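Here is the file data-v4.cif (mmCIF, C-alpha atoms).
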data_final
loop_
_atom_site.group_PDB
_atom_site.id
_atom_site.type_symbol
_atom_site.label_atom_id
_atom_site.label_comp_id
_atom_site.auth_asym_id
_atom_site.auth_seq_id
_atom_site.Cartn_x
_atom_site.Cartn_y
_atom_site.Cartn_z
ATOM 1 C CA MET O 30 11.233 119.546 126.134
ATOM 2 C CA ASN O 31 9.412 118.359 123.025
ATOM 3 C CA ILE O 32 11.713 118.113 120.023
ATOM 4 C CA ASP O 33 9.424 118.438 117.045
ATOM 5 C CA LEU O 34 11.450 117.904 113.888
ATOM 6 C CA ARG O 35 8.666 119.386 111.759
ATOM 7 C CA LYS O 36 9.629 122.804 113.155
ATOM 8 C CA LEU O 37 13.201 122.655 111.811
ATOM 9 C CA ARG O 38 12.619 125.121 108.948
ATOM 10 C CA GLU O 39 10.627 127.484 111.124
ATOM 11 C CA MET O 40 13.440 127.525 113.700
ATOM 12 C CA HIS O 41 16.193 127.881 111.116
ATOM 13 C CA PRO O 42 14.795 129.991 108.264
ATOM 14 C CA GLU O 43 18.221 130.315 106.640
ATOM 15 C CA LEU O 44 18.552 126.560 106.256
ATOM 16 C CA PRO O 45 17.929 125.881 102.545
ATOM 17 C CA GLY O 46 14.739 123.931 101.885
ATOM 18 C CA ASP O 47 16.388 121.089 99.945
ATOM 19 C CA VAL O 48 18.937 120.472 102.704
ATOM 20 C CA ALA O 49 16.287 120.663 105.450
ATOM 21 C CA VAL O 50 14.038 118.150 103.676
ATOM 22 C CA ILE O 51 16.815 115.545 103.331
ATOM 23 C CA MET O 52 17.918 116.056 106.931
ATOM 24 C CA LEU O 53 14.359 115.581 108.164
ATOM 25 C CA VAL O 54 13.760 112.449 106.106
ATOM 26 C CA ARG O 55 17.023 110.969 107.357
ATOM 27 C CA ALA O 56 16.273 111.825 111.002
ATOM 28 C CA THR O 57 12.928 110.087 110.581
ATOM 29 C CA LEU O 58 14.471 107.040 108.906
ATOM 30 C CA ALA O 59 17.179 106.821 111.600
ATOM 31 C CA SER O 60 14.489 106.740 114.276
ATOM 32 C CA GLN O 61 12.050 104.445 112.472
ATOM 33 C CA ARG O 62 14.687 101.875 111.495
ATOM 34 C CA ASN O 63 15.413 101.553 115.220
ATOM 35 C CA GLY O 64 11.759 100.681 115.734
ATOM 36 C CA HIS O 65 10.631 104.020 117.171
ATOM 37 C CA SER O 66 7.418 105.902 116.465
ATOM 38 C CA SER O 67 6.816 109.640 116.512
ATOM 39 C CA GLY O 68 6.445 110.882 120.101
ATOM 40 C CA VAL O 69 9.086 108.470 121.454
ATOM 41 C CA GLU O 70 10.718 109.398 124.766
ATOM 42 C CA LEU O 71 13.970 111.281 124.282
ATOM 43 C CA SER O 72 16.691 111.600 126.924
ATOM 44 C CA LEU O 73 18.249 115.033 126.874
ATOM 45 C CA GLN O 74 21.600 116.085 128.280
ATOM 46 C CA ILE O 75 22.037 119.810 127.945
ATOM 47 C CA GLU O 76 25.293 121.024 129.459
ATOM 48 C CA ARG O 77 25.390 117.738 131.423
ATOM 49 C CA VAL O 78 21.981 118.321 132.962
ATOM 50 C CA SER O 79 19.709 115.359 132.240
ATOM 51 C CA SER O 80 16.006 115.609 131.518
ATOM 52 C CA LYS O 81 13.305 113.752 129.619
ATOM 53 C CA GLY O 82 11.477 114.929 126.545
ATOM 54 C CA SER O 83 9.923 113.548 123.404
ATOM 55 C CA LEU O 84 10.928 113.365 119.777
ATOM 56 C CA SER O 85 8.277 113.736 117.103
ATOM 57 C CA TRP O 86 8.327 113.783 113.318
ATOM 58 C CA LYS O 87 6.257 113.324 110.183
ATOM 59 C CA LEU O 88 6.101 109.640 109.267
ATOM 60 C CA ALA O 89 8.512 108.516 106.498
ATOM 61 C CA ASP O 90 8.180 105.570 104.146
ATOM 62 C CA LEU O 91 10.763 103.013 105.304
ATOM 63 C CA THR O 92 10.696 101.326 101.887
ATOM 64 C CA THR O 93 12.612 104.347 100.523
ATOM 65 C CA ILE O 94 15.538 103.767 102.901
ATOM 66 C CA ALA O 95 17.662 102.178 100.159
ATOM 67 C CA GLN O 96 17.825 105.585 98.432
ATOM 68 C CA HIS O 97 20.005 106.839 101.267
ATOM 69 C CA ASP O 98 23.504 105.966 102.403
ATOM 70 C CA SER O 99 23.294 104.242 105.788
ATOM 71 C CA ASN O 100 25.937 106.416 107.493
ATOM 72 C CA ARG O 101 24.406 109.589 106.102
ATOM 73 C CA ILE O 102 21.044 108.588 107.601
ATOM 74 C CA THR O 103 22.656 108.566 111.048
ATOM 75 C CA GLU O 104 24.838 111.669 110.571
ATOM 76 C CA ASP O 105 22.335 113.913 108.802
ATOM 77 C CA GLY O 106 19.506 112.706 111.036
ATOM 78 C CA ALA O 107 21.586 113.621 114.085
ATOM 79 C CA GLU O 108 22.198 117.096 112.664
ATOM 80 C CA ALA O 109 18.451 117.720 112.305
ATOM 81 C CA VAL O 110 17.820 116.709 115.921
ATOM 82 C CA ALA O 111 20.801 118.714 117.250
ATOM 83 C CA LEU O 112 19.748 121.852 115.359
ATOM 84 C CA VAL O 113 16.244 121.697 116.838
ATOM 85 C CA VAL O 114 17.711 121.202 120.342
ATOM 86 C CA MET O 115 20.112 124.126 119.820
ATOM 87 C CA HIS O 116 17.219 126.374 118.837
ATOM 88 C CA LYS O 117 15.175 125.298 121.841
ATOM 89 C CA HIS O 118 18.253 126.030 123.938
ATOM 90 C CA HIS O 119 18.682 129.832 123.727
ATOM 91 C CA GLU O 120 17.329 130.229 120.193
ATOM 92 C CA TRP O 121 20.428 129.518 118.152
ATOM 93 C CA ARG O 122 19.793 129.797 114.415
ATOM 94 C CA VAL O 123 21.723 128.452 111.445
ATOM 95 C CA VAL O 124 23.835 130.995 109.562
ATOM 96 C CA ARG O 125 25.642 128.600 107.253
ATOM 97 C CA ARG O 126 27.285 125.212 106.906
ATOM 98 C CA MET O 127 31.032 125.092 107.417
ATOM 99 C CA GLN O 128 33.732 123.052 105.747
ATOM 100 C CA ARG O 129 35.045 120.117 107.794
ATOM 101 C CA GLU O 130 38.431 121.779 108.267
ATOM 102 C CA GLU O 131 36.762 124.533 110.312
ATOM 103 C CA PHE O 132 36.258 121.774 112.952
ATOM 104 C CA ALA O 133 32.465 122.227 112.966
ATOM 105 C CA ASP O 134 29.460 121.489 110.781
ATOM 106 C CA TRP O 135 27.427 124.632 111.388
ATOM 107 C CA LEU O 136 27.864 128.304 112.138
ATOM 108 C CA LEU O 137 25.004 129.482 114.345
ATOM 109 C CA GLU O 138 23.977 132.888 115.582
ATOM 110 C CA ARG O 139 21.710 134.376 118.234
ATOM 111 C CA LYS O 140 20.777 137.866 119.270
ATOM 112 C CA GLY O 141 23.092 139.124 121.964
ATOM 113 C CA GLY O 142 23.487 142.561 123.509
ATOM 114 C CA ALA O 143 25.297 144.992 121.241
ATOM 115 C CA ARG O 144 26.028 142.440 118.547
ATOM 116 C CA ASN O 145 24.932 138.943 117.615
ATOM 117 C CA GLU O 146 26.791 136.039 119.195
ATOM 118 C CA THR O 147 28.098 133.233 117.020
ATOM 119 C CA ALA O 148 28.683 129.553 117.747
ATOM 120 C CA ALA O 149 30.341 126.658 115.961
ATOM 121 C CA LEU O 150 28.383 123.412 116.241
ATOM 122 C CA GLU O 151 29.883 120.009 115.533
ATOM 123 C CA VAL O 152 27.412 117.125 115.412
ATOM 124 C CA SER O 153 27.701 113.374 115.295
ATOM 125 C CA GLY O 154 25.183 110.555 115.240
ATOM 126 C CA VAL O 155 25.337 107.080 116.769
ATOM 127 C CA ASP O 156 23.022 104.428 115.355
ATOM 128 C CA ARG O 157 23.742 101.821 118.017
ATOM 129 C CA GLY O 158 25.440 102.051 121.410
ATOM 130 C CA SER O 159 26.604 104.703 123.829
ATOM 131 C CA ILE O 160 27.266 108.317 122.896
ATOM 132 C CA THR O 161 29.575 109.214 125.813
ATOM 133 C CA SER O 162 32.993 108.833 124.190
ATOM 134 C CA ARG O 163 31.784 110.450 120.956
ATOM 135 C CA LEU O 164 30.728 113.612 122.784
ATOM 136 C CA THR O 165 34.196 113.985 124.353
ATOM 137 C CA GLU O 166 35.776 113.477 120.936
ATOM 138 C CA LYS O 167 33.521 116.057 119.273
ATOM 139 C CA LEU O 168 34.102 118.599 122.040
ATOM 140 C CA SER O 169 37.861 118.326 121.504
ATOM 141 C CA GLN O 170 37.321 118.780 117.785
ATOM 142 C CA VAL O 171 35.109 121.863 117.994
ATOM 143 C CA ALA O 172 37.488 123.442 120.547
ATOM 144 C CA LYS O 173 39.861 124.052 117.618
ATOM 145 C CA SER O 174 37.267 126.145 115.774
ATOM 146 C CA THR O 175 38.254 129.806 115.460
ATOM 147 C CA ASP O 176 36.444 133.093 114.776
ATOM 148 C CA VAL O 177 33.346 132.208 116.828
ATOM 149 C CA ASP O 178 32.194 133.247 120.299
ATOM 150 C CA GLN O 179 31.122 129.784 121.469
ATOM 151 C CA ARG O 180 31.937 126.195 120.585
ATOM 152 C CA TRP O 181 29.311 123.459 120.900
ATOM 153 C CA ALA O 182 29.237 119.739 120.252
ATOM 154 C CA GLY O 183 26.118 117.632 119.903
ATOM 155 C CA VAL O 184 25.720 113.868 119.733
ATOM 156 C CA VAL O 185 22.478 112.088 118.991
ATOM 157 C CA GLY O 186 21.898 108.390 119.621
ATOM 158 C CA PHE O 187 19.038 106.653 117.841
ATOM 159 C CA GLU O 188 18.936 103.199 119.483
ATOM 160 C CA LEU O 189 17.676 104.543 122.824
ATOM 161 C CA PRO O 190 16.837 108.078 121.674
ATOM 162 C CA ILE O 191 19.190 110.552 123.313
ATOM 163 C CA ALA O 192 20.470 114.010 122.428
ATOM 164 C CA ALA O 193 23.398 115.569 124.257
ATOM 165 C CA ILE O 194 24.734 119.057 123.640
ATOM 166 C CA GLU O 195 27.559 120.715 125.470
ATOM 167 C CA SER O 196 29.657 123.818 125.042
ATOM 168 C CA ARG O 197 33.409 123.677 125.214
ATOM 169 C CA LYS O 198 33.555 126.413 127.842
ATOM 170 C CA ARG O 199 31.171 124.480 130.044
ATOM 171 C CA GLY O 200 33.152 121.271 129.465
ATOM 172 C CA ARG O 201 36.371 122.899 130.616
ATOM 173 C CA ARG O 202 34.762 124.329 133.716
ATOM 174 C CA VAL O 203 33.322 120.955 134.643
ATOM 175 C CA LYS O 204 36.690 119.287 134.073
ATOM 176 C CA ARG O 205 38.474 121.802 136.320
ATOM 177 C CA ARG O 206 35.835 121.445 138.996
ATOM 178 C CA SER O 207 36.047 117.656 138.955
ATOM 179 C CA LYS O 208 39.859 117.870 139.088
ATOM 180 C CA ARG O 209 39.583 120.039 142.184
ATOM 181 C CA ALA O 210 37.169 117.565 143.714
ATOM 182 C CA ARG O 211 39.696 114.755 143.256
ATOM 183 C CA HIS O 212 42.495 116.659 145.099
ATOM 184 C CA MET T 7 22.731 139.128 96.465
ATOM 185 C CA SER T 8 21.992 139.391 100.191
ATOM 186 C CA ASN T 9 24.236 137.762 102.774
ATOM 187 C CA GLU T 10 21.356 135.472 103.728
ATOM 188 C CA GLY T 11 21.082 134.338 100.112
ATOM 189 C CA LEU T 12 24.819 133.697 99.889
ATOM 190 C CA ASN T 13 24.786 131.784 103.180
ATOM 191 C CA ALA T 14 21.971 129.572 101.872
ATOM 192 C CA LEU T 15 23.924 128.996 98.653
ATOM 193 C CA VAL T 16 27.148 128.101 100.434
ATOM 194 C CA THR T 17 25.254 125.719 102.741
ATOM 195 C CA SER T 18 23.690 123.907 99.796
ATOM 196 C CA ALA T 19 26.986 123.836 97.885
ATOM 197 C CA ILE T 20 29.035 122.463 100.816
ATOM 198 C CA TRP T 21 26.294 119.967 101.618
ATOM 199 C CA ARG T 22 26.290 118.674 98.048
ATOM 200 C CA ALA T 23 30.082 118.519 97.798
ATOM 201 C CA GLN T 24 30.335 116.621 101.094
ATOM 202 C CA GLN T 25 27.621 114.149 100.045
ATOM 203 C CA LEU T 26 29.384 113.440 96.728
ATOM 204 C CA GLU T 27 32.777 113.184 98.424
ATOM 205 C CA SER T 28 31.509 110.760 101.078
ATOM 206 C CA LEU T 29 30.206 108.492 98.315
ATOM 207 C CA GLY T 30 33.495 108.743 96.408
ATOM 208 C CA ILE T 31 31.825 110.285 93.364
ATOM 209 C CA GLY T 32 34.320 111.938 91.036
ATOM 210 C CA SER T 33 32.281 115.044 90.309
ATOM 211 C CA ALA T 34 32.878 116.228 93.891
ATOM 212 C CA SER T 35 35.687 118.436 92.553
ATOM 213 C CA GLN T 36 33.188 120.386 90.426
ATOM 214 C CA ALA T 37 31.019 120.815 93.486
ATOM 215 C CA TRP T 38 34.010 122.160 95.463
ATOM 216 C CA SER T 39 34.677 124.600 92.657
ATOM 217 C CA GLU T 40 31.145 125.945 93.180
ATOM 218 C CA VAL T 41 31.781 126.166 96.925
ATOM 219 C CA SER T 42 34.932 128.194 96.279
ATOM 220 C CA SER T 43 33.037 130.684 94.100
ATOM 221 C CA VAL T 44 30.292 131.220 96.677
ATOM 222 C CA GLU T 45 32.843 131.535 99.515
ATOM 223 C CA GLU T 46 34.631 134.163 97.407
ATOM 224 C CA GLU T 47 31.369 136.120 97.077
ATOM 225 C CA LEU T 48 30.829 135.870 100.834
ATOM 226 C CA ALA T 49 34.385 137.119 101.387
ATOM 227 C CA LYS T 50 33.537 140.172 99.288
ATOM 228 C CA SER T 51 30.570 141.023 101.491
ATOM 229 C CA HIS T 52 32.246 140.382 104.856
ATOM 230 C CA PRO T 53 35.393 142.339 105.721
ATOM 231 C CA THR T 54 38.375 140.496 107.132
ATOM 232 C CA SER T 55 37.654 142.058 110.542
ATOM 233 C CA GLN T 56 34.512 139.893 110.838
ATOM 234 C CA GLY T 57 34.643 136.228 111.825
ATOM 235 C CA GLN T 58 32.443 135.300 108.873
ATOM 236 C CA GLY T 59 34.820 137.130 106.552
ATOM 237 C CA ARG T 60 37.770 135.087 107.759
ATOM 238 C CA ILE T 61 35.791 131.828 107.555
ATOM 239 C CA ALA T 62 34.810 132.673 103.955
ATOM 240 C CA ARG T 63 38.401 133.540 102.934
ATOM 241 C CA ARG T 64 39.773 130.284 104.318
ATOM 242 C CA GLY T 65 36.835 128.474 102.715
ATOM 243 C CA ALA T 66 37.424 129.970 99.277
ATOM 244 C CA VAL T 67 41.110 128.976 99.228
ATOM 245 C CA ARG T 68 40.499 125.510 100.674
ATOM 246 C CA ALA T 69 37.609 124.700 98.329
ATOM 247 C CA ALA T 70 39.672 125.778 95.304
ATOM 248 C CA LEU T 71 42.332 123.247 96.345
ATOM 249 C CA LYS T 72 39.700 120.549 96.845
ATOM 250 C CA ALA T 73 38.532 121.339 93.318
ATOM 251 C CA GLY T 74 42.109 120.758 92.147
ATOM 252 C CA ASP T 75 42.461 124.367 91.030
ATOM 253 C CA TYR T 76 45.798 125.368 92.537
ATOM 254 C CA ALA T 77 46.160 128.488 90.373
ATOM 255 C CA ARG T 78 42.884 129.874 91.697
ATOM 256 C CA ALA T 79 43.803 128.962 95.296
ATOM 257 C CA GLN T 80 47.120 130.795 94.936
ATOM 258 C CA GLN T 81 45.405 133.807 93.363
ATOM 259 C CA LEU T 82 42.893 134.014 96.203
ATOM 260 C CA TYR T 83 45.721 133.571 98.728
ATOM 261 C CA ASP T 84 47.680 136.450 97.181
ATOM 262 C CA SER T 85 44.604 138.653 97.149
ATOM 263 C CA TYR T 86 43.511 137.902 100.749
ATOM 264 C CA THR T 87 46.961 138.193 102.288
ATOM 265 C CA SER T 88 47.528 141.573 100.641
ATOM 266 C CA GLU T 89 44.210 142.973 101.906
ATOM 267 C CA LYS T 90 44.386 145.905 104.279
ATOM 268 C CA GLY T 91 43.541 144.606 107.743
ATOM 269 C CA ALA T 92 44.465 140.979 107.094
ATOM 270 C CA THR T 93 45.713 139.750 110.457
ATOM 271 C CA LYS T 94 48.821 137.626 110.919
ATOM 272 C CA ALA T 95 46.600 134.805 112.201
ATOM 273 C CA LEU T 96 44.553 134.833 108.996
ATOM 274 C CA LYS T 97 47.667 134.992 106.792
ATOM 275 C CA ASP T 98 49.187 132.072 108.728
ATOM 276 C CA ALA T 99 45.967 130.059 108.439
ATOM 277 C CA LEU T 100 45.799 130.642 104.671
ATOM 278 C CA LYS T 101 49.486 129.733 104.280
ATOM 279 C CA GLU T 102 48.910 126.571 106.325
ATOM 280 C CA ILE T 103 46.078 125.517 103.975
ATOM 281 C CA LEU T 104 48.440 125.741 100.970
ATOM 282 C CA THR T 105 51.324 124.044 102.819
ATOM 283 C CA GLN T 106 49.105 121.216 103.986
ATOM 284 C CA ASP T 107 47.822 120.659 100.460
ATOM 285 C CA ALA T 108 51.378 120.591 99.060
ATOM 286 C CA LYS T 109 52.352 118.011 101.697
ATOM 287 C CA GLU T 110 49.387 115.819 100.793
ATOM 288 C CA MET T 111 50.337 116.096 97.116
ATOM 289 C CA GLU T 112 53.944 115.072 97.866
ATOM 290 C CA ASN T 113 52.700 112.068 99.817
ATOM 291 C CA ARG T 114 50.460 111.038 96.937
ATOM 292 C CA PHE T 115 53.183 111.370 94.298
ATOM 293 C CA ARG T 116 56.280 110.368 96.248
ATOM 294 C CA PHE T 117 58.461 109.416 93.293
ATOM 295 C CA ALA T 118 57.653 112.526 91.264
ATOM 296 C CA SER T 119 58.161 114.811 94.262
ATOM 297 C CA LYS T 120 61.693 113.444 94.696
ATOM 298 C CA GLN T 121 62.512 114.862 91.259
ATOM 299 C CA LEU T 122 60.654 118.136 91.684
ATOM 300 C CA ARG T 123 59.022 119.594 94.794
ATOM 301 C CA VAL T 124 55.319 120.387 94.516
ATOM 302 C CA GLY T 125 56.014 124.063 95.247
ATOM 303 C CA GLU T 126 58.525 124.273 92.380
ATOM 304 C CA ALA T 127 56.228 122.460 89.958
ATOM 305 C CA ARG T 128 53.392 124.820 90.848
ATOM 306 C CA GLU T 129 55.654 127.833 90.466
ATOM 307 C CA ILE T 130 56.578 126.717 86.926
ATOM 308 C CA ALA T 131 52.916 126.029 86.098
ATOM 309 C CA ARG T 132 52.029 129.455 87.426
ATOM 310 C CA TYR T 133 54.716 131.093 85.272
ATOM 311 C CA PHE T 134 53.363 129.470 82.108
ATOM 312 C CA HIS T 135 49.779 130.193 83.155
ATOM 313 C CA ASN T 136 50.561 133.892 83.610
ATOM 314 C CA ALA T 137 52.698 134.114 80.470
ATOM 315 C CA GLY T 138 49.941 132.625 78.315
ATOM 316 C CA ALA T 139 50.527 130.777 75.052
ATOM 317 C CA PHE T 140 53.587 132.877 74.108
ATOM 318 C CA GLY T 141 55.289 132.021 77.394
ATOM 319 C CA LEU T 142 55.921 128.528 76.082
ATOM 320 C CA ALA T 143 57.816 129.908 73.095
ATOM 321 C CA ALA T 144 59.920 132.327 75.181
#
Just dump the structure as structure tokens.
Amino acid sequence: MNIDLRKLREMHPELPGDVAVIMLVRATLASQRNGHSSGVELSLQIERVSSKGSLSWKLADLTTIAQHDSNRITEDGAEAVALVVMHKHHEWRVVRRMQREEFADWLLERKGGARNETAALEVSGVDRGSITSRLTEKLSQVAKSTDVDQRWAGVVGFELPIAAIESRKRGRRVKRRSKRARH
Amino acid sequence: MSNEGLNALVTSAIWRAQQLESLGIGSASQAWSEVSSVEEELAKSHPTSQGQGRIARRGAVRAALKAGDYARAQQLYDSYTSEKGATKALKDALKEILTQDAKEMENRFRFASKQLRVGEAREIARYFHNAGAFGLAA
């Protein structure tokens, strides 16, 4: 799966241009400050199934990095990557941003049968180190989100590029199955 | 305005408010006030039976509190909880937003809240707000 950040707007037409531009610049800066170039190998974990892909972007000027808050580079950059992955995975599209207290960052939508399905997506970024514990934490958080059909968490690591997305339903099923396996 | 337009506006407004808040910039409260207004517009175009309608109603009340505008939050609360079709879950969620905010306020102003509970102080403020300038003389 090739994750081309340049397609973010095309994939999510309801994402406002100003927000998309900042997210893209920050995703690029987060990758470049870790020494990566466009086309870098990206590990993907979609619903706990691992695969390899690539991450590409339009080159950013690293000298402008001081204009951005360091944490926001990681967080907003991660959101750009996660939104592209979510679109590639069953064509989820942004409806709107949500307030933190809704336990998710984004409300997404996709065409279902009789009516459109909705999903809450909570995203986090990790500049250095493992993403494993963060994904568990974010899944627990998004599980509290109400008034949506599905609940998803996504974590993006920039040191060794990795993007993991998982739905809460899937997480529960896996947990139950592994519990059974232990007995 | 179309729902798509309002969704784009609320996304930009929340984004901006969160960016300002994370940097500790004081004008974040003005940005939350904007968020509350757009959420209110979204609430008008989505009935309470729709998920997006409930998200917008909670958002409008919560953002008004983040903007420090308790009177507006209370007004929106009264209006949304008296709507036909407002579920118990939505009413509880809206009530919880106000309760949580009052608790946070009491924690911030511990000494003052020993003299007068936040709820009581807000009730008095609301009375004078509704009574207008002549209420003070009454």
Shell around region 147-162 of chain O at 7 Å using all atoms listed in the file, local window under 5 positions removed, as a PyMOL selection string
chain O and resi 103-104+107-108+133-139+167+171+174+177-188
Output check: residues returned by the PyMOL selection byres ((chain O) within 12 of (chain T)), as a PDB file with C-alpha atoms, keeping the file's coordinate frame:
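Output below, filename selection_22.pdb:
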ATOM      1  CA  HIS O  41      16.193 127.881 111.116  1.00  0.00           C
ATOM      2  CA  PRO O  42      14.795 129.991 108.264  1.00  0.00           C
ATOM      3  CA  GLU O  43      18.221 130.315 106.640  1.00  0.00           C
ATOM      4  CA  LEU O  44      18.552 126.560 106.256  1.00  0.00           C
ATOM      5  CA  PRO O  45      17.929 125.881 102.545  1.00  0.00           C
ATOM      6  CA  GLY O  46      14.739 123.931 101.885  1.00  0.00           C
ATOM      7  CA  ASP O  47      16.388 121.089  99.945  1.00  0.00           C
ATOM      8  CA  VAL O  48      18.937 120.472 102.704  1.00  0.00           C
ATOM      9  CA  ALA O  49      16.287 120.663 105.450  1.00  0.00           C
ATOM     10  CA  VAL O  50      14.038 118.150 103.676  1.00  0.00           C
ATOM     11  CA  ILE O  51      16.815 115.545 103.331  1.00  0.00           C
ATOM     12  CA  MET O  52      17.918 116.056 106.931  1.00  0.00           C
ATOM     13  CA  HIS O  97      20.005 106.839 101.267  1.00  0.00           C
ATOM     14  CA  ASP O  98      23.504 105.966 102.403  1.00  0.00           C
ATOM     15  CA  SER O  99      23.294 104.242 105.788  1.00  0.00           C
ATOM     16  CA  ASN O 100      25.937 106.416 107.493  1.00  0.00           C
ATOM     17  CA  ARG O 101      24.406 109.589 106.102  1.00  0.00           C
ATOM     18  CA  ILE O 102      21.044 108.588 107.601  1.00  0.00           C
ATOM     19  CA  GLU O 104      24.838 111.669 110.571  1.00  0.00           C
ATOM     20  CA  ASP O 105      22.335 113.913 108.802  1.00  0.00           C
ATOM     21  CA  VAL O 123      21.723 128.452 111.445  1.00  0.00           C
ATOM     22  CA  VAL O 124      23.835 130.995 109.562  1.00  0.00           C
ATOM     23  CA  ARG O 125      25.642 128.600 107.253  1.00  0.00           C
ATOM     24  CA  ARG O 126      27.285 125.212 106.906  1.00  0.00           C
ATOM     25  CA  MET O 127      31.032 125.092 107.417  1.00  0.00           C
ATOM     26  CA  GLN O 128      33.732 123.052 105.747  1.00  0.00           C
ATOM     27  CA  ARG O 129      35.045 120.117 107.794  1.00  0.00           C
ATOM     28  CA  GLU O 130      38.431 121.779 108.267  1.00  0.00           C
ATOM     29  CA  GLU O 131      36.762 124.533 110.312  1.00  0.00           C
ATOM     30  CA  PHE O 132      36.258 121.774 112.952  1.00  0.00           C
ATOM     31  CA  ALA O 133      32.465 122.227 112.966  1.00  0.00           C
ATOM     32  CA  ASP O 134      29.460 121.489 110.781  1.00  0.00           C
ATOM     33  CA  TRP O 135      27.427 124.632 111.388  1.00  0.00           C
ATOM     34  CA  LEU O 136      27.864 128.304 112.138  1.00  0.00           C
ATOM     35  CA  LEU O 137      25.004 129.482 114.345  1.00  0.00           C
ATOM     36  CA  GLU O 138      23.977 132.888 115.582  1.00  0.00           C
ATOM     37  CA  ARG O 144      26.028 142.440 118.547  1.00  0.00           C
ATOM     38  CA  ASN O 145      24.932 138.943 117.615  1.00  0.00           C
ATOM     39  CA  GLU O 146      26.791 136.039 119.195  1.00  0.00           C
ATOM     40  CA  THR O 147      28.098 133.233 117.020  1.00  0.00           C
ATOM     41  CA  ALA O 148      28.683 129.553 117.747  1.00  0.00           C
ATOM     42  CA  ALA O 149      30.341 126.658 115.961  1.00  0.00           C
ATOM     43  CA  SER O 174      37.267 126.145 115.774  1.00  0.00           C
ATOM     44  CA  THR O 175      38.254 129.806 115.460  1.00  0.00           C
ATOM     45  CA  ASP O 176      36.444 133.093 114.776  1.00  0.00           C
ATOM     46  CA  VAL O 177      33.346 132.208 116.828  1.00  0.00           C
ATOM     47  CA  ASP O 178      32.194 133.247 120.299  1.00  0.00           C
TER      48      ASP O 178
END
Expansion of the PyMOL selection byres ((chain T and resi 71) around 12) into residues, as a ChimeraX atom specification:
/T:35-42,64-70,72-83,100,103-108,110-111
Hey, which of O:Leu37, O:Val54, O:Met30, O:Leu189 ends up closest to Leu112 (chain O)? Count all atoms listed in the file.
O:Leu37
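Residue nearest Thr93 (chain O) within the list O:Arg55, O:Lys117, O:Lys81, O:Lys36: O:Arg55 [criterion: smallest interatomic distance, all atoms listed in the file].
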Quick one, how far is CA of Ile194 (chain O) from CA of Ile75 (chain O)?
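Spanning CA of Ile194 (chain O) to CA of Ile75 (chain O) is a straight-line distance of 5.1 Å.
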Who sits within 12 Å of Ser119 (chain T), only C-alpha atoms, same chain under 6 positions skipped, as a list in words:
Ala108, Lys109, Glu110, Met111, Glu112, Asn113, Gly125, Glu126, Ala127 and Arg128 of chain T
Who sits within 10 Å of Val78 (chain O), all atoms listed in the file, same chain under 4 positions skipped, as a list of chain:residue names
O:Leu73, O:Gln74, O:Ala193, O:Ile194, O:Glu195
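Straight-line separation from CA of Lys120 (chain T) to CA of Asn136 (chain T): 25.8 Å.
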Quick one, how far is CA of Ser169 (chain O) from CA of Arg197 (chain O)?
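Here the two named atoms are 7.9 Å from each other.
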Closest of O:Leu53, O:Ala89, O:Ala111, O:Ala192 to Arg77 (chain O), counting only C-alpha atoms, is O:Ala192
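Among the candidates O:Val114, O:Ser196, O:Trp121, O:Ile94, the one nearest to Ala59 (chain O) when counting all atoms listed in the file is O:Ile94.
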Return as lines of an AutoDock Vina configuration file the centre and edge lengths, in Å with one decimal, of the box along x, y and z that encloses every atom of region 126-137 of chain O in the file, padded by 4 Å per side.
center_x = 31.7
center_y = 124.8
center_z = 110.0
size_x = 21.4
size_y = 17.4
size_z = 16.6
Go through O:Lys198, O:Gln96, O:Thr165, O:Pro190 one by one, measure the shortest atom-to-atom distance of each to His65 (chain O) using all atoms listed in the file, and give the residue with the smallest value.
O:Pro190
